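Pasted below: final00.txt, compact mmCIF, C-alpha atoms.
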```txt
# COMPACT_ATOMS: atom_id res chain seq x y z
CA MET A 1 40.74 25.30 -11.52
CA THR A 2 41.82 24.11 -8.14
CA THR A 3 41.19 25.21 -4.61
CA ILE A 4 43.77 27.70 -3.39
CA SER A 5 43.93 28.21 0.37
CA ILE A 6 45.03 31.60 1.63
CA ILE A 7 46.05 32.22 5.23
CA GLY A 8 45.40 35.89 5.89
CA SER A 9 42.78 38.48 5.05
CA GLY A 10 44.80 41.61 4.30
CA ASN A 11 45.78 43.43 1.13
CA MET A 12 47.85 40.64 -0.40
CA ALA A 13 45.27 37.98 0.48
CA THR A 14 42.66 40.17 -1.18
CA ALA A 15 44.76 40.79 -4.29
CA ILE A 16 45.84 37.19 -4.84
CA GLY A 17 42.44 35.75 -3.92
CA THR A 18 40.61 38.13 -6.24
CA ARG A 19 42.91 37.43 -9.17
CA ALA A 20 42.87 33.67 -8.62
CA ALA A 21 39.08 33.59 -8.39
CA LYS A 22 38.80 35.55 -11.64
CA HIS A 23 40.87 32.83 -13.29
CA GLY A 24 38.63 30.01 -12.13
CA HIS A 25 40.21 28.93 -8.87
CA THR A 26 38.13 28.37 -5.76
CA ILE A 27 39.45 30.28 -2.77
CA GLU A 28 39.51 29.14 0.83
CA LEU A 29 40.31 31.93 3.29
CA MET A 30 41.72 31.23 6.74
CA SER A 31 42.26 34.02 9.20
CA ARG A 32 42.38 34.55 12.93
CA ASN A 33 39.72 37.15 12.20
CA THR A 34 36.87 34.97 10.93
CA ALA A 35 34.55 37.91 10.30
CA LYS A 36 37.16 39.57 8.11
CA ALA A 37 37.77 36.31 6.26
CA GLN A 38 34.02 35.94 5.66
CA ALA A 39 33.75 39.49 4.37
CA LEU A 40 36.63 38.85 2.00
CA ALA A 41 35.10 35.54 0.86
CA ASP A 42 31.86 37.39 0.10
CA GLN A 43 33.80 40.02 -1.81
CA ILE A 44 35.80 37.48 -3.82
CA GLY A 45 32.79 35.29 -4.52
CA ASN A 46 33.05 32.49 -7.07
CA GLY A 47 32.38 29.95 -4.34
CA ALA A 48 35.02 31.28 -1.94
CA THR A 49 34.80 29.68 1.49
CA VAL A 50 36.11 30.34 4.97
CA GLY A 51 38.18 27.67 6.69
CA THR A 52 39.13 27.37 10.33
CA PHE A 53 42.40 29.07 11.19
CA GLY A 54 44.85 26.30 12.13
CA ALA A 55 42.85 23.47 10.56
CA ARG A 56 44.03 21.51 7.51
CA PRO A 57 43.60 23.66 4.38
CA VAL A 58 41.57 22.30 1.48
CA GLY A 59 43.99 23.53 -1.17
CA ASP A 60 47.24 21.80 -2.04
CA ILE A 61 48.72 25.26 -2.57
CA VAL A 62 48.56 27.39 0.57
CA ILE A 63 49.44 31.08 0.30
CA VAL A 64 50.86 32.30 3.61
CA ALA A 65 49.66 35.88 3.20
CA VAL A 66 50.58 37.32 6.56
CA LEU A 67 53.21 39.89 7.49
CA TYR A 68 56.75 38.52 7.63
CA ALA A 69 57.02 38.86 11.40
CA GLY A 70 54.14 36.43 11.88
CA ALA A 71 54.72 33.97 9.06
CA VAL A 72 56.89 31.47 10.92
CA ASP A 73 54.57 31.50 13.95
CA VAL A 74 51.55 30.88 11.76
CA VAL A 75 53.17 27.89 10.08
CA GLU A 76 54.21 26.53 13.48
CA HIS A 77 50.67 27.05 14.74
CA TYR A 78 49.27 25.04 11.84
CA GLY A 79 51.86 22.32 12.41
CA ASP A 80 50.96 18.95 10.94
CA ALA A 81 47.86 20.44 9.34
CA LEU A 82 50.22 21.61 6.59
CA ALA A 83 51.83 18.20 5.97
CA GLY A 84 52.43 17.69 2.26
CA LYS A 85 51.24 21.17 1.31
CA VAL A 86 52.93 23.66 -0.99
CA LEU A 87 53.49 26.75 1.14
CA VAL A 88 53.84 29.97 -0.82
CA ASP A 89 55.78 32.58 1.14
CA ILE A 90 55.00 36.09 -0.12
CA THR A 91 56.66 38.09 2.65
CA ASN A 92 59.02 41.04 2.45
CA PRO A 93 61.11 41.24 5.62
CA PHE A 94 61.96 44.92 5.26
CA ASN A 95 63.90 46.86 7.86
CA ALA A 96 62.40 50.02 9.35
CA ASP A 97 63.08 52.32 6.39
CA ALA A 98 62.92 49.61 3.71
CA SER A 99 66.57 50.17 2.77
CA GLY A 100 67.38 46.55 3.45
CA VAL A 101 66.08 43.27 4.84
CA VAL A 102 66.22 41.95 8.37
CA THR A 103 67.02 38.43 7.20
CA THR A 104 70.44 37.08 6.26
CA ALA A 105 71.72 34.79 3.52
CA GLY A 106 70.78 31.23 4.40
CA ASN A 107 68.05 32.38 6.76
CA SER A 108 65.35 33.98 4.61
CA VAL A 109 61.76 33.91 5.82
CA SER A 110 61.16 31.06 3.36
CA GLN A 111 64.03 29.12 4.86
CA GLN A 112 62.75 29.82 8.38
CA ILE A 113 59.31 28.58 7.32
CA ALA A 114 60.86 25.47 5.74
CA ALA A 115 62.66 24.77 9.01
CA VAL A 116 59.38 24.56 10.97
CA ALA A 117 57.14 23.14 8.24
CA PRO A 118 55.87 19.59 8.71
CA GLU A 119 56.78 16.43 6.81
CA GLY A 120 56.40 16.68 3.06
CA ALA A 121 55.63 20.37 2.96
CA HIS A 122 57.61 22.51 0.55
CA VAL A 123 58.16 26.26 0.49
CA VAL A 124 58.19 28.44 -2.61
CA LYS A 125 58.60 32.20 -2.47
CA ALA A 126 56.53 34.20 -4.95
CA PHE A 127 54.45 37.38 -5.34
CA ASN A 128 56.83 39.53 -3.24
CA THR A 129 58.18 41.49 -6.21
CA ILE A 130 54.76 42.76 -7.26
CA PHE A 131 52.71 45.34 -5.39
CA GLY A 132 49.30 44.06 -4.35
CA GLY A 133 47.52 46.70 -6.36
CA VAL A 134 49.21 45.44 -9.52
CA ILE A 135 48.30 41.82 -8.78
CA ALA A 136 44.68 42.91 -8.38
CA GLU A 137 44.67 44.74 -11.74
CA ASP A 138 44.75 41.37 -13.47
CA LYS A 139 47.04 42.38 -16.32
CA PRO A 140 49.91 40.28 -17.70
CA LEU A 141 53.10 40.61 -15.68
CA ASP A 142 56.21 38.76 -14.60
CA ALA A 143 56.31 36.73 -11.39
CA PHE A 144 59.61 35.54 -9.94
CA TYR A 145 59.66 32.46 -7.74
CA ALA A 146 62.24 30.30 -5.99
CA GLY A 147 62.08 27.08 -3.99
CA ASP A 148 63.65 23.76 -3.26
CA SER A 149 61.73 21.20 -5.28
CA ALA A 150 61.54 21.20 -9.08
CA GLU A 151 58.25 19.30 -8.98
CA VAL A 152 56.69 21.69 -6.49
CA LYS A 153 58.03 24.74 -8.30
CA ALA A 154 56.45 23.47 -11.50
CA ARG A 155 53.08 23.38 -9.73
CA VAL A 156 53.52 26.93 -8.45
CA ALA A 157 54.66 28.08 -11.89
CA ALA A 158 51.53 26.53 -13.42
CA PHE A 159 49.42 28.38 -10.85
CA LEU A 160 51.16 31.68 -11.62
CA GLU A 161 50.73 31.13 -15.34
CA SER A 162 47.05 30.35 -14.77
CA LEU A 163 46.77 33.89 -13.37
CA GLY A 164 48.10 35.43 -16.58
CA MET A 165 51.59 35.88 -15.22
CA ARG A 166 54.86 34.86 -16.81
CA ALA A 167 56.48 32.66 -14.18
CA LEU A 168 60.28 33.07 -14.00
CA ASP A 169 62.28 30.63 -11.86
CA ALA A 170 64.99 32.37 -9.81
CA GLY A 171 66.48 29.16 -8.40
CA GLY A 172 66.56 27.06 -5.27
CA LEU A 173 65.46 27.80 -1.72
CA GLU A 174 68.71 29.72 -1.07
CA MET A 175 67.58 32.19 -3.75
CA THR A 176 64.51 33.17 -1.71
CA HIS A 177 66.80 35.58 0.14
CA VAL A 178 67.66 37.17 -3.21
CA LEU A 179 63.94 37.66 -3.84
CA GLU A 180 63.70 39.37 -0.44
CA TRP A 181 66.33 41.86 -1.62
CA ALA A 182 64.39 42.22 -4.85
CA GLY A 183 61.45 43.39 -2.74
CA ILE A 184 63.68 46.23 -1.55
CA LEU A 185 64.54 47.06 -5.14
CA LEU A 186 60.83 47.18 -5.94
CA VAL A 187 60.23 49.70 -3.15
CA GLY A 188 63.34 51.70 -4.08
CA LEU A 189 62.17 52.08 -7.66
CA ALA A 190 58.65 52.95 -6.50
CA ARG A 191 59.88 55.67 -4.13
CA SER A 192 62.37 57.09 -6.61
CA GLY A 193 59.93 58.00 -9.32
CA ALA A 194 58.45 54.84 -10.82
CA GLY A 195 55.46 54.87 -8.48
CA PHE A 196 53.75 52.00 -6.71
CA ASP A 197 51.88 50.71 -9.72
CA LEU A 198 54.91 48.55 -10.30
CA ALA A 199 56.23 45.02 -10.62
CA LEU A 200 59.71 43.73 -11.28
CA GLY A 201 60.20 41.86 -14.50
CA ALA A 202 62.77 40.66 -16.96
CA GLU A 203 63.46 41.11 -20.61
CA VAL A 204 64.03 37.65 -22.01
CA ARG A 205 65.09 37.44 -25.65
CA MET B 206 77.12 63.29 -27.94
CA THR B 207 79.77 63.54 -25.26
CA THR B 208 83.00 61.77 -24.56
CA ILE B 209 82.56 58.75 -22.33
CA SER B 210 85.69 57.40 -20.69
CA ILE B 211 85.83 53.70 -19.92
CA ILE B 212 88.42 52.18 -17.62
CA GLY B 213 88.79 48.57 -18.70
CA SER B 214 88.93 46.61 -21.94
CA GLY B 215 86.94 43.48 -21.17
CA ASN B 216 83.45 42.30 -22.09
CA MET B 217 81.51 45.05 -20.32
CA ALA B 218 83.86 47.77 -21.62
CA THR B 219 83.32 46.37 -25.10
CA ALA B 220 79.54 46.15 -24.73
CA ILE B 221 79.04 49.62 -23.23
CA GLY B 222 81.59 51.28 -25.49
CA THR B 223 80.12 49.73 -28.62
CA ARG B 224 76.58 50.75 -27.71
CA ALA B 225 77.58 54.27 -26.67
CA ALA B 226 79.56 54.81 -29.90
CA LYS B 227 76.58 53.67 -31.95
CA HIS B 228 74.54 56.36 -30.24
CA GLY B 229 76.95 59.14 -31.10
CA HIS B 230 79.23 59.26 -28.07
CA THR B 231 83.00 59.39 -28.43
CA ILE B 232 84.75 56.71 -26.40
CA GLU B 233 88.02 57.01 -24.55
CA LEU B 234 89.43 53.66 -23.42
CA MET B 235 91.88 53.40 -20.55
CA SER B 236 93.40 50.06 -19.62
CA ARG B 237 96.55 48.72 -18.03
CA ASN B 238 96.81 46.73 -21.25
CA THR B 239 97.30 49.50 -23.81
CA ALA B 240 97.43 47.11 -26.76
CA LYS B 241 94.08 45.64 -25.77
CA ALA B 242 92.61 49.12 -25.33
CA GLN B 243 93.89 50.11 -28.79
CA ALA B 244 92.41 46.99 -30.37
CA LEU B 245 89.09 47.75 -28.71
CA ALA B 246 89.24 51.40 -29.82
CA ASP B 247 89.83 50.23 -33.38
CA GLN B 248 86.90 47.83 -33.08
CA ILE B 249 84.57 50.47 -31.65
CA GLY B 250 85.64 53.15 -34.11
CA ASN B 251 83.66 56.39 -34.35
CA GLY B 252 86.69 58.33 -33.20
CA ALA B 253 87.40 56.16 -30.15
CA THR B 254 90.73 56.98 -28.52
CA VAL B 255 93.06 55.37 -26.01
CA GLY B 256 93.95 57.31 -22.86
CA THR B 257 96.75 56.67 -20.42
CA PHE B 258 95.76 54.40 -17.54
CA GLY B 259 95.83 56.52 -14.41
CA ALA B 260 95.75 59.89 -16.19
CA ARG B 261 92.79 62.28 -16.04
CA PRO B 262 89.97 60.96 -18.21
CA VAL B 263 88.55 63.18 -20.95
CA GLY B 264 84.94 62.25 -20.24
CA ASP B 265 82.90 63.68 -17.41
CA ILE B 266 81.30 60.26 -17.10
CA VAL B 267 83.82 57.52 -16.35
CA ILE B 268 82.69 53.90 -16.52
CA VAL B 269 84.75 51.80 -14.12
CA ALA B 270 84.47 48.61 -16.15
CA VAL B 271 86.80 46.35 -14.22
CA LEU B 272 86.05 43.30 -12.10
CA TYR B 273 84.73 44.10 -8.63
CA ALA B 274 87.85 42.91 -6.84
CA GLY B 275 89.93 45.53 -8.63
CA ALA B 276 87.51 48.47 -8.77
CA VAL B 277 88.47 50.18 -5.52
CA ASP B 278 92.20 49.78 -6.25
CA VAL B 279 91.77 51.27 -9.71
CA VAL B 280 89.95 54.33 -8.34
CA GLU B 281 92.63 54.75 -5.68
CA HIS B 282 95.31 54.43 -8.34
CA TYR B 283 93.70 57.24 -10.37
CA GLY B 284 93.36 59.35 -7.23
CA ASP B 285 92.92 63.07 -7.92
CA ALA B 286 92.76 62.41 -11.66
CA LEU B 287 89.10 61.56 -11.03
CA ALA B 288 88.27 64.77 -9.14
CA GLY B 289 84.81 66.00 -10.11
CA LYS B 290 84.07 62.99 -12.31
CA VAL B 291 80.93 60.86 -12.37
CA LEU B 292 82.14 57.34 -11.65
CA VAL B 293 79.81 54.62 -12.89
CA ASP B 294 80.28 51.39 -10.95
CA ILE B 295 79.07 48.39 -12.95
CA THR B 296 80.44 45.64 -10.73
CA ASN B 297 78.78 42.51 -9.42
CA PRO B 298 80.55 41.32 -6.26
CA PHE B 299 79.34 37.73 -6.48
CA ASN B 300 80.47 35.03 -4.09
CA ALA B 301 82.04 31.85 -5.45
CA ASP B 302 78.82 30.18 -6.64
CA ALA B 303 76.91 33.43 -7.35
CA SER B 304 74.32 32.58 -4.69
CA GLY B 305 75.02 35.85 -2.88
CA VAL B 306 77.29 38.87 -2.70
CA VAL B 307 80.51 39.34 -0.76
CA THR B 308 79.58 42.90 0.21
CA THR B 309 77.34 43.94 3.09
CA ALA B 310 74.66 46.58 3.55
CA GLY B 311 76.35 49.96 3.89
CA ASN B 312 79.53 48.68 2.26
CA SER B 313 78.68 47.99 -1.38
CA VAL B 314 81.42 48.27 -3.99
CA SER B 315 79.93 51.65 -4.95
CA GLN B 316 80.17 52.81 -1.35
CA GLN B 317 83.75 51.52 -1.13
CA ILE B 318 84.60 53.42 -4.31
CA ALA B 319 82.91 56.56 -2.96
CA ALA B 320 85.03 56.28 0.18
CA VAL B 321 88.29 56.48 -1.79
CA ALA B 322 87.13 58.77 -4.62
CA PRO B 323 88.61 62.29 -4.73
CA GLU B 324 86.93 65.63 -4.06
CA GLY B 325 83.81 66.28 -6.07
CA ALA B 326 83.58 62.81 -7.60
CA HIS B 327 80.26 61.00 -7.36
CA VAL B 328 79.45 57.33 -7.75
CA VAL B 329 76.43 55.89 -9.52
CA LYS B 330 75.85 52.17 -9.94
CA ALA B 331 74.38 51.07 -13.26
CA PHE B 332 74.56 48.38 -15.96
CA ASN B 333 75.03 45.51 -13.46
CA THR B 334 71.53 44.08 -13.97
CA ILE B 335 72.02 43.54 -17.71
CA PHE B 336 74.27 40.92 -19.26
CA GLY B 337 76.94 42.41 -21.51
CA GLY B 338 75.65 40.56 -24.53
CA VAL B 339 72.27 42.21 -24.12
CA ILE B 340 73.82 45.67 -23.80
CA ALA B 341 75.69 45.03 -27.05
CA GLU B 342 72.51 44.00 -28.86
CA ASP B 343 71.41 47.61 -28.81
CA LYS B 344 67.72 46.95 -28.27
CA PRO B 345 65.47 48.91 -25.88
CA LEU B 346 65.71 47.69 -22.30
CA ASP B 347 65.46 48.85 -18.71
CA ALA B 348 68.50 50.08 -16.79
CA PHE B 349 68.40 50.46 -13.01
CA TYR B 350 70.71 52.94 -11.34
CA ALA B 351 71.35 54.30 -7.85
CA GLY B 352 73.58 57.01 -6.42
CA ASP B 353 73.93 59.82 -3.99
CA SER B 354 73.39 63.00 -5.98
CA ALA B 355 70.17 63.87 -7.79
CA GLU B 356 72.03 66.13 -10.20
CA VAL B 357 74.63 63.50 -11.03
CA LYS B 358 72.01 60.76 -11.29
CA ALA B 359 70.11 62.90 -13.78
CA ARG B 360 73.24 63.04 -15.95
CA VAL B 361 73.69 59.28 -15.79
CA ALA B 362 69.99 58.78 -16.53
CA ALA B 363 70.31 61.03 -19.59
CA PHE B 364 73.29 58.96 -20.74
CA LEU B 365 71.36 55.70 -20.27
CA GLU B 366 68.36 57.11 -22.13
CA SER B 367 70.69 58.24 -24.94
CA LEU B 368 71.58 54.55 -25.37
CA GLY B 369 67.95 53.60 -25.94
CA MET B 370 67.46 52.38 -22.39
CA ARG B 371 64.68 53.26 -19.98
CA ALA B 372 66.54 54.59 -16.94
CA LEU B 373 64.88 53.65 -13.64
CA ASP B 374 66.14 55.26 -10.42
CA ALA B 375 66.43 52.78 -7.54
CA GLY B 376 67.41 55.37 -4.93
CA GLY B 377 70.41 56.69 -3.06
CA LEU B 378 73.92 55.34 -2.65
CA GLU B 379 72.73 52.90 0.06
CA MET B 380 70.58 51.27 -2.64
CA THR B 381 73.64 50.28 -4.65
CA HIS B 382 73.88 47.24 -2.39
CA VAL B 383 70.34 46.32 -3.45
CA LEU B 384 71.45 46.48 -7.07
CA GLU B 385 74.30 44.12 -6.19
CA TRP B 386 71.72 41.62 -4.94
CA ALA B 387 69.73 42.25 -8.12
CA GLY B 388 72.80 41.05 -10.04
CA ILE B 389 72.43 37.73 -8.20
CA LEU B 390 68.75 37.61 -9.18
CA LEU B 391 69.76 38.16 -12.81
CA VAL B 392 72.15 35.19 -12.68
CA GLY B 393 69.62 33.06 -10.79
CA LEU B 394 66.98 33.62 -13.45
CA ALA B 395 69.52 33.00 -16.22
CA ARG B 396 70.65 29.70 -14.72
CA SER B 397 67.12 28.54 -13.91
CA GLY B 398 65.76 28.57 -17.43
CA ALA B 399 65.57 32.16 -18.66
CA GLY B 400 69.02 32.01 -20.29
CA PHE B 401 71.73 34.63 -20.39
CA ASP B 402 70.14 36.80 -23.05
CA LEU B 403 68.51 38.61 -20.18
CA ALA B 404 68.10 41.91 -18.37
CA LEU B 405 66.08 42.82 -15.32
CA GLY B 406 63.28 45.27 -15.85
CA ALA B 407 60.10 46.63 -14.40
CA GLU B 408 56.54 46.91 -15.45
CA VAL B 409 55.49 50.46 -14.79
CA ARG B 410 51.85 51.31 -15.36
```
Any chance you could put this one into structure tokens?
Amino acid sequence: MTTISIIGSGNMATAIGTRAAKHGHTIELMSRNTAKAQALADQIGNGATVGTFGARPVGDIVIVAVLYAGAVDVVEHYGDALAGKVLVDITNPFNADASGVVTTAGNSVSQQIAAVAPEGAHVVKAFNTIFGGVIAEDKPLDAFYAGDSAEVKARVAAFLESLGMRALDAGGLEMTHVLEWAGILLVGLARSGAGFDLALGAEVR
Amino acid sequence: MTTISIIGSGNMATAIGTRAAKHGHTIELMSRNTAKAQALADQIGNGATVGTFGARPVGDIVIVAVLYAGAVDVVEHYGDALAGKVLVDITNPFNADASGVVTTAGNSVSQQIAAVAPEGAHVVKAFNTIFGGVIAEDKPLDAFYAGDSAEVKARVAAFLESLGMRALDAGGLEMTHVLEWAGILLVGLARSGAGFDLALGAEVR
């Protein structure tokens, strides 16, 4: 029941925004393409608004829902407007044939974002092990996340749980690179017979 | 209902051998430590036998259940005795603090094993995203696998399914490195609150 700001207006912005709105959150959309953001806000409804790309987001949780190649630039562009915010990195930095990632251990997209993020901002990676279509279906599923602050991770976990997901902590910021590899596993399974209506999960006993 | 040969006599050999025997397979154990292999054969029962370490295994499927650092050496030691066999690599090549793997893309343990394996042998990676204790529990769970031959993978998948597991194909031999990273995810989740009674899985709709 909070405002969630989403930077982006593509498939993942649509999926996460739609699901979050269904669960009572108010969505603020911020995109370079204001018309597209407005169309998505209209589609999501439930009081969704359009913010100015680059201005300070309303939400304390900001989903950076852009392609991996642009994520660091977008956070740099926002600069101090993101001070103190929780930045949720959802990117999958796949190589050309999605057989591996273009990042390296210690230099995940999340870690690159953290390096340029302003004072008091924290980065948590989440949503990258679930296909957008599955997020949008609004059924129970597992959501892995990783990040560098227990307090901030608890807030993201509460948000994920509010969406009907089981939030599973994968560890500290260094583990965001592991989640990037998990994105490759997701695609590998999808291509090898499981199909794209797929999310990674865990069996916890 | 086939003979499964297992090289090794440690925790994973015990877990896989015990589960396979419960599901009607006959187990052949091969270990440098013959006394340990015999004790494990006695424990597993169901006609389990002890083979000579380095000799040709009885089973068409051979589980290489040794630690990653020794897996390539063991396969080299067996040499032509493994000709035509299906070698199942279960290793997790973790770095010192299990925050990453010591292998690189294109050079997974499975790929290293394939490089030294004899004529007609094929390598499939499996079991490395499930803790041994969970394998031994003999409950339904997901099992990811990857390898370079569709025909051979189908045989491994049938074996996994015969153990009450849902076998999920992650792709070709290059994807075995992705499964190695998935082993890190498993440990990360376990350490971060999920506990070690854990296996990775997928939600397929």
Report task. Please identify all polymer residues within 8 Å of Asp142 in chain A, counting only C-alpha atoms, omitting same-chain residues fewer than 3 positions from it, and present them as JSON, numbers by chain. Result -> {"A": [165, 166, 167, 168, 199, 200, 201, 202]}
Report task. Extract, using all atoms listed in the file, all DNA, RNA and protein residues at most 10 Å from Thr309 in chain B, discarding same-chain residues fewer than 6 positions from it, and format them as a list in words. Result -> His382, Val383 and Glu385 of chain B
Report task. For His228 in chain B, list every protein, DNA or RNA residue within 12 Å, evaluated using only C-alpha atoms, and leave out those in the same chain fewer than 6 positions away; present the list as a PyMOL selection string. Result -> chain B and resi 206-209+221-222+249+251+341+343-344+364-370
Pull C-alpha atoms from the residues just selected and write them as a PDB file, keeping the file's coordinate frame.
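Saved as result.pdb:
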```pdb
ATOM      1  CA  MET B 206      77.120  63.290 -27.940  1.00  0.00           C
ATOM      2  CA  THR B 207      79.770  63.540 -25.260  1.00  0.00           C
ATOM      3  CA  THR B 208      83.000  61.770 -24.560  1.00  0.00           C
ATOM      4  CA  ILE B 209      82.560  58.750 -22.330  1.00  0.00           C
ATOM      5  CA  ILE B 221      79.040  49.620 -23.230  1.00  0.00           C
ATOM      6  CA  GLY B 222      81.590  51.280 -25.490  1.00  0.00           C
ATOM      7  CA  ILE B 249      84.570  50.470 -31.650  1.00  0.00           C
ATOM      8  CA  ASN B 251      83.660  56.390 -34.350  1.00  0.00           C
ATOM      9  CA  ALA B 341      75.690  45.030 -27.050  1.00  0.00           C
ATOM     10  CA  ASP B 343      71.410  47.610 -28.810  1.00  0.00           C
ATOM     11  CA  LYS B 344      67.720  46.950 -28.270  1.00  0.00           C
ATOM     12  CA  PHE B 364      73.290  58.960 -20.740  1.00  0.00           C
ATOM     13  CA  LEU B 365      71.360  55.700 -20.270  1.00  0.00           C
ATOM     14  CA  GLU B 366      68.360  57.110 -22.130  1.00  0.00           C
ATOM     15  CA  SER B 367      70.690  58.240 -24.940  1.00  0.00           C
ATOM     16  CA  LEU B 368      71.580  54.550 -25.370  1.00  0.00           C
ATOM     17  CA  GLY B 369      67.950  53.600 -25.940  1.00  0.00           C
ATOM     18  CA  MET B 370      67.460  52.380 -22.390  1.00  0.00           C
TER      19      MET B 370
END
```
Report task. Define the interface residues of chain A facing chain B as those within 10 Å, counting only C-alpha atoms, and report them as a PyMOL selection string. Result -> chain A and resi 99-101+105-106+129-130+134+140-142+144-146+168-172+174-205
**Report entry** Test item: which residues lie within 7 Å of (88.7, 45.4, -18.5) counting only C-alpha atoms, as a list in words
**Finding:** Ile212, Gly213, Ser214, Gly215, Ala218, Ser236, Ala270 and Val271 of chain B
Report task. Using all atoms listed in the file, determine which residues lie at most 10 Å from Ser149 in chain A, disregarding the query and same-chain residues fewer than 6 positions distant; provide the list as a PyMOL selection string. Result -> chain A and resi 122-124+155+171-173
Add whatever atoms are absent from range 104-117 of chain A to reach N, CA, C and O atoms, and provide the output as a compact mmCIF listing (two decimals), keeping the file's coordinate frame.
```
# COMPACT_ATOMS: atom_id res chain seq x y z
N THR A 104 69.07 37.23 6.75
CA THR A 104 70.44 37.08 6.26
C THR A 104 70.48 35.91 5.27
O THR A 104 69.57 35.07 5.25
N ALA A 105 71.55 35.89 4.48
CA ALA A 105 71.72 34.79 3.52
C ALA A 105 71.68 33.46 4.26
O ALA A 105 72.32 33.31 5.31
N GLY A 106 70.92 32.53 3.76
CA GLY A 106 70.78 31.23 4.40
C GLY A 106 69.69 31.17 5.44
O GLY A 106 69.40 30.10 5.99
N ASN A 107 69.08 32.33 5.73
CA ASN A 107 68.05 32.38 6.76
C ASN A 107 66.91 33.32 6.36
O ASN A 107 66.42 34.12 7.15
N SER A 108 66.50 33.21 5.10
CA SER A 108 65.35 33.98 4.61
C SER A 108 64.09 33.55 5.34
O SER A 108 64.07 32.51 6.01
N VAL A 109 63.05 34.32 5.22
CA VAL A 109 61.76 33.91 5.82
C VAL A 109 61.34 32.56 5.26
O VAL A 109 60.88 31.68 6.00
N SER A 110 61.52 32.36 3.97
CA SER A 110 61.16 31.06 3.36
C SER A 110 61.94 29.93 4.00
O SER A 110 61.38 28.85 4.26
N GLN A 111 63.21 30.16 4.25
CA GLN A 111 64.03 29.12 4.86
C GLN A 111 63.63 28.89 6.32
O GLN A 111 63.64 27.76 6.81
N GLN A 112 63.24 29.96 7.00
CA GLN A 112 62.75 29.82 8.38
C GLN A 112 61.43 29.04 8.40
O GLN A 112 61.20 28.21 9.29
N ILE A 113 60.57 29.32 7.41
CA ILE A 113 59.31 28.58 7.32
C ILE A 113 59.60 27.11 7.03
O ILE A 113 59.01 26.20 7.65
N ALA A 114 60.52 26.87 6.09
CA ALA A 114 60.86 25.47 5.74
C ALA A 114 61.36 24.71 6.96
O ALA A 114 61.09 23.51 7.10
N ALA A 115 62.07 25.43 7.84
CA ALA A 115 62.66 24.77 9.01
C ALA A 115 61.59 24.30 10.00
O ALA A 115 61.84 23.34 10.75
N VAL A 116 60.44 24.96 10.01
CA VAL A 116 59.38 24.56 10.97
C VAL A 116 58.23 23.84 10.30
O VAL A 116 57.31 23.36 10.97
N ALA A 117 58.26 23.76 8.97
CA ALA A 117 57.14 23.14 8.24
C ALA A 117 57.14 21.63 8.46
O ALA A 117 58.18 21.03 8.68
```
